[in-house]
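Everything below belongs to coords_24.pdb, which stores PDB, C-alpha atoms.
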```pdb
ATOM      1  CA  MET B  84      31.252 -11.005  23.132
ATOM      2  CA  LYS B  85      31.639  -7.247  22.903
ATOM      3  CA  PRO B  86      30.584  -5.796  19.563
ATOM      4  CA  ARG B  87      33.527  -4.407  17.674
ATOM      5  CA  VAL B  88      33.158  -0.846  16.409
ATOM      6  CA  ALA B  89      35.583   0.678  13.902
ATOM      7  CA  VAL B  90      36.208   4.431  14.014
ATOM      8  CA  VAL B  91      37.617   5.818  10.764
ATOM      9  CA  THR B  92      40.298   8.500  10.949
ATOM     10  CA  PHE B  93      40.529  10.713   7.858
ATOM     11  CA  PRO B  94      43.246  13.330   7.512
ATOM     12  CA  GLY B  95      41.608  16.192   9.410
ATOM     13  CA  SER B  96      39.349  14.087  11.655
ATOM     14  CA  LEU B  97      39.174  15.503  15.184
ATOM     15  CA  ASP B  98      36.775  13.424  17.215
ATOM     16  CA  ASP B  99      38.068   9.962  16.387
ATOM     17  CA  ARG B 100      39.753   9.507  19.772
ATOM     18  CA  ASP B 101      36.678  10.617  21.714
ATOM     19  CA  ALA B 102      34.596   8.237  19.597
ATOM     20  CA  LEU B 103      36.963   5.330  20.343
ATOM     21  CA  ARG B 104      36.855   6.155  24.052
ATOM     22  CA  ALA B 105      33.060   6.473  24.024
ATOM     23  CA  VAL B 106      32.723   3.037  22.388
ATOM     24  CA  ALA B 107      34.871   1.511  25.155
ATOM     25  CA  LEU B 108      32.970   3.365  27.927
ATOM     26  CA  MET B 109      29.657   2.184  26.522
ATOM     27  CA  GLY B 110      30.705  -1.462  26.431
ATOM     28  CA  GLY B 111      31.987  -1.943  22.905
ATOM     29  CA  ASP B 112      35.359  -3.021  21.579
ATOM     30  CA  PRO B 113      36.793  -0.028  19.704
ATOM     31  CA  VAL B 114      39.144  -0.471  16.768
ATOM     32  CA  ALA B 115      40.864   2.333  14.888
ATOM     33  CA  ALA B 116      40.639   2.352  11.087
ATOM     34  CA  TRP B 117      42.468   4.608   8.626
ATOM     35  CA  HIS B 118      41.035   6.340   5.566
ATOM     36  CA  ALA B 119      43.386   4.414   3.269
ATOM     37  CA  ASP B 120      42.281   1.024   4.663
ATOM     38  CA  ARG B 121      40.388  -1.299   2.342
ATOM     39  CA  ASP B 122      38.518  -3.070   5.116
ATOM     40  CA  LEU B 123      37.127  -2.300   8.542
ATOM     41  CA  ARG B 124      39.057  -4.934  10.508
ATOM     42  CA  GLY B 125      36.134  -7.255  11.024
ATOM     43  CA  ALA B 126      34.122  -4.649  12.916
ATOM     44  CA  ASP B 127      30.382  -5.101  13.443
ATOM     45  CA  ALA B 128      29.690  -1.383  13.124
ATOM     46  CA  VAL B 129      31.490   1.743  11.950
ATOM     47  CA  ILE B 130      31.649   5.382  13.058
ATOM     48  CA  LEU B 131      32.649   8.278  10.787
ATOM     49  CA  PRO B 132      33.730  10.897  13.327
ATOM     50  CA  GLY B 133      33.604  14.673  13.322
ATOM     51  CA  GLY B 134      36.306  17.019  12.154
ATOM     52  CA  PHE B 135      37.351  18.604   8.883
ATOM     53  CA  SER B 136      38.325  15.693   6.643
ATOM     54  CA  TYR B 137      40.652  16.831   3.854
ATOM     55  CA  GLY B 138      40.325  20.399   5.100
ATOM     56  CA  ASP B 139      36.660  20.574   3.963
ATOM     57  CA  TYR B 140      38.071  21.354   0.505
ATOM     58  CA  LEU B 141      35.525  21.788  -2.293
ATOM     59  CA  ARG B 142      32.604  20.970   0.041
ATOM     60  CA  THR B 143      32.401  19.363   3.464
ATOM     61  CA  GLY B 144      32.748  15.619   3.004
ATOM     62  CA  ALA B 145      33.272  15.891  -0.768
ATOM     63  CA  ILE B 146      36.816  14.501  -0.901
ATOM     64  CA  ALA B 147      36.309  11.929   1.864
ATOM     65  CA  ARG B 148      33.800  10.281  -0.428
ATOM     66  CA  PHE B 149      36.731   8.973  -2.509
ATOM     67  CA  ALA B 150      38.760   7.551   0.381
ATOM     68  CA  PRO B 151      39.513   3.839  -0.119
ATOM     69  CA  VAL B 152      37.771   2.993   3.169
ATOM     70  CA  MET B 153      34.461   4.391   1.903
ATOM     71  CA  ALA B 154      33.864   1.352  -0.329
ATOM     72  CA  ALA B 155      33.845  -0.771   2.842
ATOM     73  CA  VAL B 156      31.571   1.738   4.616
ATOM     74  CA  ARG B 157      29.117   1.557   1.716
ATOM     75  CA  GLU B 158      29.227  -2.231   1.903
ATOM     76  CA  TYR B 159      28.413  -2.090   5.623
ATOM     77  CA  ALA B 160      25.486   0.207   4.922
ATOM     78  CA  ASP B 161      24.165  -2.100   2.175
ATOM     79  CA  GLU B 162      24.563  -5.195   4.346
ATOM     80  CA  GLY B 163      22.501  -3.619   7.109
ATOM     81  CA  ARG B 164      25.358  -3.159   9.572
ATOM     82  CA  PRO B 165      25.138  -0.031  11.740
ATOM     83  CA  VAL B 166      26.902   3.053  10.358
ATOM     84  CA  LEU B 167      27.014   6.227  12.466
ATOM     85  CA  GLY B 168      28.188   9.526  10.988
ATOM     86  CA  VAL B 169      28.692  12.407  13.389
ATOM     87  CA  CYS B 170      29.054  16.014  12.219
ATOM     88  CA  ASN B 171      31.623  15.735   9.407
ATOM     89  CA  GLY B 172      30.648  12.050   9.281
ATOM     90  CA  PHE B 173      27.027  13.108   8.615
ATOM     91  CA  GLN B 174      28.237  15.471   5.885
ATOM     92  CA  ILE B 175      30.201  12.590   4.320
ATOM     93  CA  LEU B 176      27.169  10.240   4.413
ATOM     94  CA  CYS B 177      25.135  12.885   2.552
ATOM     95  CA  GLU B 178      27.887  13.411  -0.035
ATOM     96  CA  VAL B 179      28.151   9.650  -0.613
ATOM     97  CA  GLY B 180      24.393   9.480  -1.087
ATOM     98  CA  LEU B 181      23.778   7.089   1.816
ATOM     99  CA  LEU B 182      21.580   9.793   3.351
ATOM    100  CA  PRO B 183      19.457  12.379   1.488
ATOM    101  CA  GLY B 184      19.965  16.129   1.459
ATOM    102  CA  ALA B 185      23.042  18.189   2.247
ATOM    103  CA  LEU B 186      24.525  20.374   4.976
ATOM    104  CA  ILE B 187      25.409  23.963   4.198
ATOM    105  CA  ARG B 188      26.708  26.950   6.140
ATOM    106  CA  ASN B 189      24.725  27.851   9.258
ATOM    107  CA  ARG B 190      22.060  30.425   8.611
ATOM    108  CA  THR B 191      23.695  32.777  11.105
ATOM    109  CA  LEU B 192      27.066  32.353   9.318
ATOM    110  CA  SER B 193      28.729  31.783  12.673
ATOM    111  CA  PHE B 194      30.308  28.649  14.062
ATOM    112  CA  VAL B 195      28.107  27.326  16.890
ATOM    113  CA  CYS B 196      29.645  25.522  19.832
ATOM    114  CA  ARG B 197      27.260  24.797  22.697
ATOM    115  CA  TRP B 198      25.036  22.271  24.415
ATOM    116  CA  ILE B 199      21.627  21.859  22.833
ATOM    117  CA  HIS B 200      18.650  19.508  23.076
ATOM    118  CA  VAL B 201      17.310  17.152  20.455
ATOM    119  CA  ARG B 202      14.203  15.018  20.499
ATOM    120  CA  THR B 203      14.433  11.616  18.888
ATOM    121  CA  GLU B 204      11.686  10.454  16.527
ATOM    122  CA  GLY B 205      10.657   6.817  16.592
ATOM    123  CA  PRO B 206      11.947   4.475  13.912
ATOM    124  CA  THR B 207       9.534   3.347  11.215
ATOM    125  CA  GLU B 208       8.255  -0.206  11.492
ATOM    126  CA  ALA B 209      10.506  -1.214   8.612
ATOM    127  CA  SER B 210      13.649  -0.062  10.346
ATOM    128  CA  ALA B 211      15.543  -0.641  13.545
ATOM    129  CA  GLY B 212      16.528   2.954  14.120
ATOM    130  CA  LEU B 213      17.140   4.952  17.258
ATOM    131  CA  ALA B 214      14.312   4.791  19.837
ATOM    132  CA  GLY B 215      11.953   7.767  19.680
ATOM    133  CA  GLY B 216      10.464  10.267  22.115
ATOM    134  CA  GLU B 217      13.590  10.943  24.126
ATOM    135  CA  VAL B 218      15.048  14.402  24.773
ATOM    136  CA  LEU B 219      18.845  14.238  24.666
ATOM    137  CA  GLN B 220      21.249  16.919  25.816
ATOM    138  CA  VAL B 221      24.257  16.836  23.485
ATOM    139  CA  PRO B 222      26.815  19.359  22.254
ATOM    140  CA  ILE B 223      27.108  20.777  18.750
ATOM    141  CA  LYS B 224      30.184  22.460  17.242
ATOM    142  CA  HIS B 225      29.941  23.245  13.563
ATOM    143  CA  GLY B 226      29.936  25.994  10.974
ATOM    144  CA  GLU B 227      28.114  24.015   8.293
ATOM    145  CA  GLY B 228      25.240  22.180   9.890
ATOM    146  CA  GLN B 229      22.221  23.658   8.174
ATOM    147  CA  PHE B 230      20.329  20.715   6.729
ATOM    148  CA  VAL B 231      18.712  21.356   3.361
ATOM    149  CA  ALA B 232      16.951  19.251   0.741
ATOM    150  CA  SER B 233      14.709  19.970  -2.221
ATOM    151  CA  GLN B 234      11.013  20.269  -1.524
ATOM    152  CA  GLU B 235      10.233  16.821  -2.985
ATOM    153  CA  GLU B 236      13.120  15.255  -1.110
ATOM    154  CA  MET B 237      11.913  16.834   2.124
ATOM    155  CA  GLY B 238       8.442  15.454   1.461
ATOM    156  CA  ARG B 239       9.906  11.974   1.017
ATOM    157  CA  ILE B 240      12.047  12.316   4.172
ATOM    158  CA  GLU B 241       9.003  13.201   6.273
ATOM    159  CA  ALA B 242       6.661  10.688   4.608
ATOM    160  CA  GLN B 243       9.104   7.812   5.118
ATOM    161  CA  GLY B 244       9.912   8.880   8.671
ATOM    162  CA  LEU B 245      13.634   9.295   8.038
ATOM    163  CA  VAL B 246      14.105  12.059  10.617
ATOM    164  CA  ALA B 247      16.002  10.602  13.565
ATOM    165  CA  MET B 248      16.108  13.725  15.730
ATOM    166  CA  ARG B 249      15.149  17.396  15.719
ATOM    167  CA  TYR B 250      16.496  20.400  17.612
ATOM    168  CA  CYS B 251      14.084  21.233  20.425
ATOM    169  CA  ALA B 252      13.524  23.189  23.631
ATOM    170  CA  PRO B 253      14.769  21.571  26.884
ATOM    171  CA  ASP B 254      11.218  20.267  27.452
ATOM    172  CA  GLY B 255      11.163  18.605  24.033
ATOM    173  CA  THR B 256       9.002  21.145  22.203
ATOM    174  CA  ILE B 257      10.056  21.501  18.575
ATOM    175  CA  ASP B 258      10.498  25.242  18.197
ATOM    176  CA  GLU B 259      12.315  27.323  15.591
ATOM    177  CA  ARG B 260      13.850  29.394  18.413
ATOM    178  CA  PHE B 261      15.857  26.343  19.430
ATOM    179  CA  ASN B 262      17.116  25.677  15.923
ATOM    180  CA  PRO B 263      20.813  26.577  16.166
ATOM    181  CA  ASN B 264      21.723  26.574  12.472
ATOM    182  CA  GLY B 265      18.562  27.077  10.432
ATOM    183  CA  SER B 266      18.127  23.409   9.509
ATOM    184  CA  ALA B 267      14.970  22.617   7.566
ATOM    185  CA  HIS B 268      12.262  21.184   9.832
ATOM    186  CA  ASN B 269      14.707  21.485  12.770
ATOM    187  CA  ILE B 270      16.437  18.329  11.491
ATOM    188  CA  ALA B 271      19.502  17.398  13.564
ATOM    189  CA  GLY B 272      19.825  13.795  12.407
ATOM    190  CA  LEU B 273      18.528  11.378   9.797
ATOM    191  CA  HIS B 274      18.536   7.678   9.197
ATOM    192  CA  ASN B 275      18.208   5.756   5.963
ATOM    193  CA  GLU B 276      15.157   3.727   4.952
ATOM    194  CA  THR B 277      16.395   0.602   6.707
ATOM    195  CA  GLY B 278      17.437   2.438   9.863
ATOM    196  CA  ASN B 279      21.004   1.099   9.976
ATOM    197  CA  VAL B 280      22.673   4.314   8.785
ATOM    198  CA  LEU B 281      22.387   7.287  11.142
ATOM    199  CA  GLY B 282      23.834  10.736  10.512
ATOM    200  CA  MET B 283      23.670  13.524  13.094
ATOM    201  CA  MET B 284      25.238  16.936  13.643
ATOM    202  CA  PRO B 285      25.336  16.769  17.489
ATOM    203  CA  HIS B 286      28.214  14.870  19.104
ATOM    204  CA  PRO B 287      27.115  11.842  21.145
ATOM    205  CA  GLU B 288      30.755  10.865  21.745
ATOM    206  CA  HIS B 289      31.260  14.026  23.832
ATOM    207  CA  ALA B 290      28.248  13.203  26.017
ATOM    208  CA  VAL B 291      28.827   9.751  27.509
ATOM    209  CA  ASP B 292      30.958  10.313  30.610
ATOM    210  CA  PRO B 293      28.914  11.497  33.645
ATOM    211  CA  ASP B 294      32.090  12.960  35.164
ATOM    212  CA  LEU B 295      32.300  15.378  32.263
ATOM    213  CA  GLY B 296      28.689  16.525  31.911
ATOM    214  CA  PRO B 297      25.338  15.475  30.449
ATOM    215  CA  THR B 298      25.073  12.003  28.958
ATOM    216  CA  GLY B 299      22.691  12.507  26.048
ATOM    217  CA  GLY B 300      25.040  10.455  23.899
ATOM    218  CA  HIS B 301      24.155   7.227  25.708
ATOM    219  CA  ALA B 302      20.993   6.658  23.675
ATOM    220  CA  VAL B 303      22.933   6.827  20.418
ATOM    221  CA  PHE B 304      25.632   4.390  21.573
ATOM    222  CA  HIS B 305      22.970   2.051  23.003
ATOM    223  CA  TRP B 306      21.400   1.961  19.561
ATOM    224  CA  LEU B 307      24.743   1.482  17.801
ATOM    225  CA  LEU B 308      25.973  -1.254  20.129
ATOM    226  CA  SER B 309      22.683  -3.144  20.302
ATOM    227  CA  ALA B 310      22.389  -3.084  16.518
ATOM    228  CA  ALA B 311      26.012  -4.278  16.304
ATOM    229  CA  ARG B 312      25.316  -6.991  18.907
ATOM    230  CA  ASP B 313      22.390  -8.233  16.821
ATOM    231  CA  ARG B 314      24.873  -8.626  13.991
ATOM    232  CA  VAL B 315      27.260 -10.559  16.235
ATOM    233  CA  HIS B 316      24.532 -13.041  17.187
ATOM    234  CA  ALA B 317      22.862 -13.165  13.777
TER     235      ALA B 317
ATOM    236  CA  MET J 157      45.066  19.266 -27.566
ATOM    237  CA  LYS J 158      44.457  20.916 -24.231
ATOM    238  CA  TYR J 159      41.299  22.846 -23.561
ATOM    239  CA  ARG J 160      40.845  25.320 -20.809
ATOM    240  CA  PHE J 161      37.518  25.557 -18.986
ATOM    241  CA  GLU J 162      36.128  27.601 -16.184
ATOM    242  CA  LEU J 163      33.369  26.346 -13.971
ATOM    243  CA  ILE J 164      31.167  28.577 -11.864
ATOM    244  CA  VAL J 165      29.387  26.785  -9.049
ATOM    245  CA  SER J 166      26.707  28.624  -7.108
ATOM    246  CA  LEU J 167      24.082  27.766  -4.530
ATOM    247  CA  LYS J 168      20.707  26.947  -6.064
ATOM    248  CA  GLU J 169      18.403  29.910  -6.380
ATOM    249  CA  GLY J 170      15.816  28.826  -3.831
ATOM    250  CA  LEU J 171      18.457  28.386  -1.167
ATOM    251  CA  LEU J 172      19.414  31.186   1.139
ATOM    252  CA  ASP J 173      23.067  32.047   0.557
ATOM    253  CA  PRO J 174      24.322  33.215   3.962
ATOM    254  CA  GLN J 175      27.700  34.282   2.583
ATOM    255  CA  GLY J 176      26.109  36.369  -0.161
ATOM    256  CA  LYS J 177      23.781  37.910   2.404
ATOM    257  CA  ALA J 178      26.661  38.829   4.723
ATOM    258  CA  VAL J 179      28.583  40.431   1.863
ATOM    259  CA  GLN J 180      25.490  42.300   0.734
ATOM    260  CA  GLU J 181      24.892  43.613   4.236
ATOM    261  CA  ALA J 182      28.496  44.755   4.517
ATOM    262  CA  LEU J 183      28.423  46.819   1.310
ATOM    263  CA  PRO J 184      26.216  49.713   2.569
ATOM    264  CA  THR J 185      28.523  50.207   5.541
ATOM    265  CA  LEU J 186      31.201  51.119   3.000
ATOM    266  CA  GLY J 187      28.900  53.489   1.193
ATOM    267  CA  TRP J 188      27.652  51.211  -1.602
ATOM    268  CA  ASP J 189      23.959  51.136  -0.856
ATOM    269  CA  ASN J 190      22.638  50.306  -4.336
ATOM    270  CA  VAL J 191      23.644  46.617  -4.520
ATOM    271  CA  SER J 192      21.285  43.672  -4.216
ATOM    272  CA  GLU J 193      21.143  39.938  -5.055
ATOM    273  CA  VAL J 194      24.732  39.243  -4.035
ATOM    274  CA  ARG J 195      25.582  35.537  -4.277
ATOM    275  CA  VAL J 196      28.919  33.981  -3.416
ATOM    276  CA  GLY J 197      29.988  30.915  -5.372
ATOM    277  CA  LYS J 198      33.058  29.034  -6.502
ATOM    278  CA  HIS J 199      35.258  29.400  -9.521
ATOM    279  CA  ILE J 200      37.162  26.355 -10.744
ATOM    280  CA  GLU J 201      39.695  26.358 -13.603
ATOM    281  CA  LEU J 202      40.494  23.193 -15.497
ATOM    282  CA  LEU J 203      42.855  22.221 -18.295
ATOM    283  CA  VAL J 204      41.622  19.085 -20.044
ATOM    284  CA  GLU J 205      43.621  17.076 -22.548
ATOM    285  CA  SER J 206      41.293  15.623 -25.134
ATOM    286  CA  ASP J 207      40.823  14.860 -28.844
ATOM    287  CA  SER J 208      38.145  17.490 -29.304
ATOM    288  CA  ARG J 209      36.634  20.444 -27.548
ATOM    289  CA  MET J 210      33.219  18.741 -27.549
ATOM    290  CA  GLU J 211      34.587  15.659 -25.871
ATOM    291  CA  ALA J 212      36.443  17.743 -23.298
ATOM    292  CA  ARG J 213      33.360  19.781 -22.595
ATOM    293  CA  SER J 214      31.155  16.781 -21.986
ATOM    294  CA  GLN J 215      33.788  15.400 -19.624
ATOM    295  CA  VAL J 216      33.806  18.680 -17.693
ATOM    296  CA  GLU J 217      30.037  18.520 -17.493
ATOM    297  CA  GLU J 218      30.156  14.993 -16.092
ATOM    298  CA  MET J 219      32.828  15.951 -13.552
ATOM    299  CA  ALA J 220      30.759  18.951 -12.495
ATOM    300  CA  ARG J 221      27.650  16.825 -12.071
ATOM    301  CA  LYS J 222      29.322  13.990 -10.199
ATOM    302  CA  PHE J 223      31.919  15.728  -8.088
ATOM    303  CA  LEU J 224      32.715  19.394  -8.581
ATOM    304  CA  SER J 225      29.202  20.462  -7.630
ATOM    305  CA  ASN J 226      26.590  18.886  -5.381
ATOM    306  CA  PRO J 227      23.354  18.797  -7.385
ATOM    307  CA  VAL J 228      21.328  18.798  -4.156
ATOM    308  CA  ILE J 229      22.365  22.351  -3.338
ATOM    309  CA  GLU J 230      24.326  23.785  -6.267
ATOM    310  CA  ASP J 231      24.022  24.759  -9.929
ATOM    311  CA  PHE J 232      26.952  25.122 -12.279
ATOM    312  CA  VAL J 233      27.839  26.961 -15.481
ATOM    313  CA  ILE J 234      30.680  25.895 -17.773
ATOM    314  CA  LEU J 235      32.616  28.639 -19.507
ATOM    315  CA  VAL J 236      34.835  27.646 -22.405
ATOM    316  CA  ALA J 237      38.104  29.506 -22.379
ATOM    317  CA  ASP J 238      40.989  29.197 -24.814
ATOM    318  CA  THR J 239      42.611  26.222 -26.482
ATOM    319  CA  VAL J 240      46.171  25.639 -25.430
ATOM    320  CA  GLN J 241      48.516  24.554 -28.227
ATOM    321  CA  PRO J 242      50.795  21.722 -27.061
ATOM    322  CA  ALA J 243      53.947  23.641 -28.055
ATOM    323  CA  LYS J 244      53.102  26.667 -25.971
ATOM    324  CA  GLY J 245      52.599  24.894 -22.687
ATOM    325  CA  PRO J 246      50.207  26.144 -20.083
ATOM    326  CA  ARG J 247      49.199  29.817 -20.192
TER     327      ARG J 247
END
```
Starting from the file, lay out its structure as structure tokens.
Amino acid sequence: MKPRVAVVTFPGSLDDRDALRAVALMGGDPVAAWHADRDLRGADAVILPGGFSYGDYLRTGAIARFAPVMAAVREYADEGRPVLGVCNGFQILCEVGLLPGALIRNRTLSFVCRWIHVRTEGPTEASAGLAGGEVLQVPIKHGEGQFVASQEEMGRIEAQGLVAMRYCAPDGTIDERFNPNGSAHNIAGLHNETGNVLGMMPHPEHAVDPDLGPTGGHAVFHWLLSAARDRVHA
Amino acid sequence: MKYRFELIVSLKEGLLDPQGKAVQEALPTLGWDNVSEVRVGKHIELLVESDSRMEARSQVEEMARKFLSNPVIEDFVILVADTVQPAKGPR
């Protein structure tokens, strides 16, 4: 049975359709969910897509936190089901407190839209996160993607191995010159302690179709779908 | 009684404020070359209906902590403005 993956559309979401298409291309059963929904239609996993939910008013992701659907998303996260937040979805996961830290305006002040490389970090033994040591070519497109956290929080993030991926050179070297937005420790993505919640600024859903370019997004969807499949068979 | 409050939300001091920096760098090009420490923040006005000013203020503080600011990256200051008499209506 194909794992069912819900993609939540908030007012102002942009990448929901690409995310639905990517789920189908990668072998999942996509189902559209709406921000006002109370449940996620029996899905095994959920994606919070990129965009500008509620116009980014107040702060990115701040208003989305109160959407009715977010109670169900939190439940999924607590139950250990896979939750993927991309770009605005990552910002929402930080605002909700499912992931630590916050995302602020890029250090350069400019909106960045280009292909970059990230290197994945292995999951901790306690978690079932994304596989480590891979260099993925994926696009970014954001104005507020600079990851920040307090010094203690950053210490905890590194000590617990919560970094899922860092911006890197094409050969995988972690280098400040390849940090597109000034993120602390080159952080491009994080997972929670249990590894079932992943937030990332790059867009895996735009990098799955070989006819359209690099396919760095495959690794992320493999993780999402295999974690969802484990839930189906559990 | 209705109490008017103003809330100033700014990026925490340790954090680089790219907007403030851009504004600061623009000022000398217009001839103002004696300005430093420019920070750009948010200004929020609120009218709170409550039994007392104290009660209203503590509610504003809670709202600021839980929603109107993000404690991970921002600090806030509450300014108490005027009391609005019910008969007068807003402003």
*Would you list which chain B residues are within 12 Å of chain J using all atoms listed in the file, as number ranges by chain?*
B: 140-149, 174, 177-180, 182-193, 226-227, 229-237, 264-267
Counting all atoms listed in the file, which residues sit no farther than 10 Å from the position (41.4, 12.8, 5.4) in the file's frame? I'd like them as a PDB file with C-alpha atoms, in the coordinates of the input.
```
ATOM      1  CA  VAL B  91      37.617   5.818  10.764  1.00  0.00           C
ATOM      2  CA  THR B  92      40.298   8.500  10.949  1.00  0.00           C
ATOM      3  CA  PHE B  93      40.529  10.713   7.858  1.00  0.00           C
ATOM      4  CA  PRO B  94      43.246  13.330   7.512  1.00  0.00           C
ATOM      5  CA  GLY B  95      41.608  16.192   9.410  1.00  0.00           C
ATOM      6  CA  SER B  96      39.349  14.087  11.655  1.00  0.00           C
ATOM      7  CA  TRP B 117      42.468   4.608   8.626  1.00  0.00           C
ATOM      8  CA  HIS B 118      41.035   6.340   5.566  1.00  0.00           C
ATOM      9  CA  ALA B 119      43.386   4.414   3.269  1.00  0.00           C
ATOM     10  CA  GLY B 134      36.306  17.019  12.154  1.00  0.00           C
ATOM     11  CA  PHE B 135      37.351  18.604   8.883  1.00  0.00           C
ATOM     12  CA  SER B 136      38.325  15.693   6.643  1.00  0.00           C
ATOM     13  CA  TYR B 137      40.652  16.831   3.854  1.00  0.00           C
ATOM     14  CA  GLY B 138      40.325  20.399   5.100  1.00  0.00           C
ATOM     15  CA  ASP B 139      36.660  20.574   3.963  1.00  0.00           C
ATOM     16  CA  GLY B 144      32.748  15.619   3.004  1.00  0.00           C
ATOM     17  CA  ILE B 146      36.816  14.501  -0.901  1.00  0.00           C
ATOM     18  CA  ALA B 147      36.309  11.929   1.864  1.00  0.00           C
ATOM     19  CA  ARG B 148      33.800  10.281  -0.428  1.00  0.00           C
ATOM     20  CA  PHE B 149      36.731   8.973  -2.509  1.00  0.00           C
ATOM     21  CA  ALA B 150      38.760   7.551   0.381  1.00  0.00           C
TER      22      ALA B 150
END
```
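Note that CA of Ala247 (chain B) and CA of Ala214 (chain B) are 8.7 Å apart.
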*Between B:Gly282, B:Gly299, B:Pro86, B:Pro151, which one has atoms that come closest to Arg121 (chain B), using only C-alpha atoms?*
B:Pro151
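Proximity to Val88 (chain B) was assessed for B:Val246, B:Ala290, B:Ile270, B:Val114 counting all atoms listed in the file; the smallest distance is recorded for B:Val114.
Note that the spacing between CA of Val303 (chain B) and CA of Met248 (chain B) amounts to 10.8 Å.
Using only C-alpha atoms, the smallest distance between any of B:His301, B:Arg239, B:Arg249, B:Arg314 and Gly163 (chain B) comes from B:Arg314.
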*Name the residues captured by the PyMOL selection byres ((chain B and resi 115) around 6) when it is applied to the shown file; answer as a ChimeraX atom specification.*
/B:89-90,114,116
*Report the distance between CA of Cys170 (chain B) and CA of Gly228 (chain B) in Å, rounded to one decimal place.*
7.6 Å
*For the file shown, what are the residues hit by the PyMOL selection byres ((chain B and resi 129) around 9), laid out as a PyMOL selection string?*
chain B and resi 87-91+123+126-128+130-131+156+159+164-168+307
*Extract, using all atoms listed in the file, all DNA, RNA and protein residues at most 10 Å from Asp161 (chain B), discarding same-chain residues fewer than 3 positions from it, and format them as an NGL selection string.*
:B and (155-158 or 164-165 or 181 or 277 or 279-280)
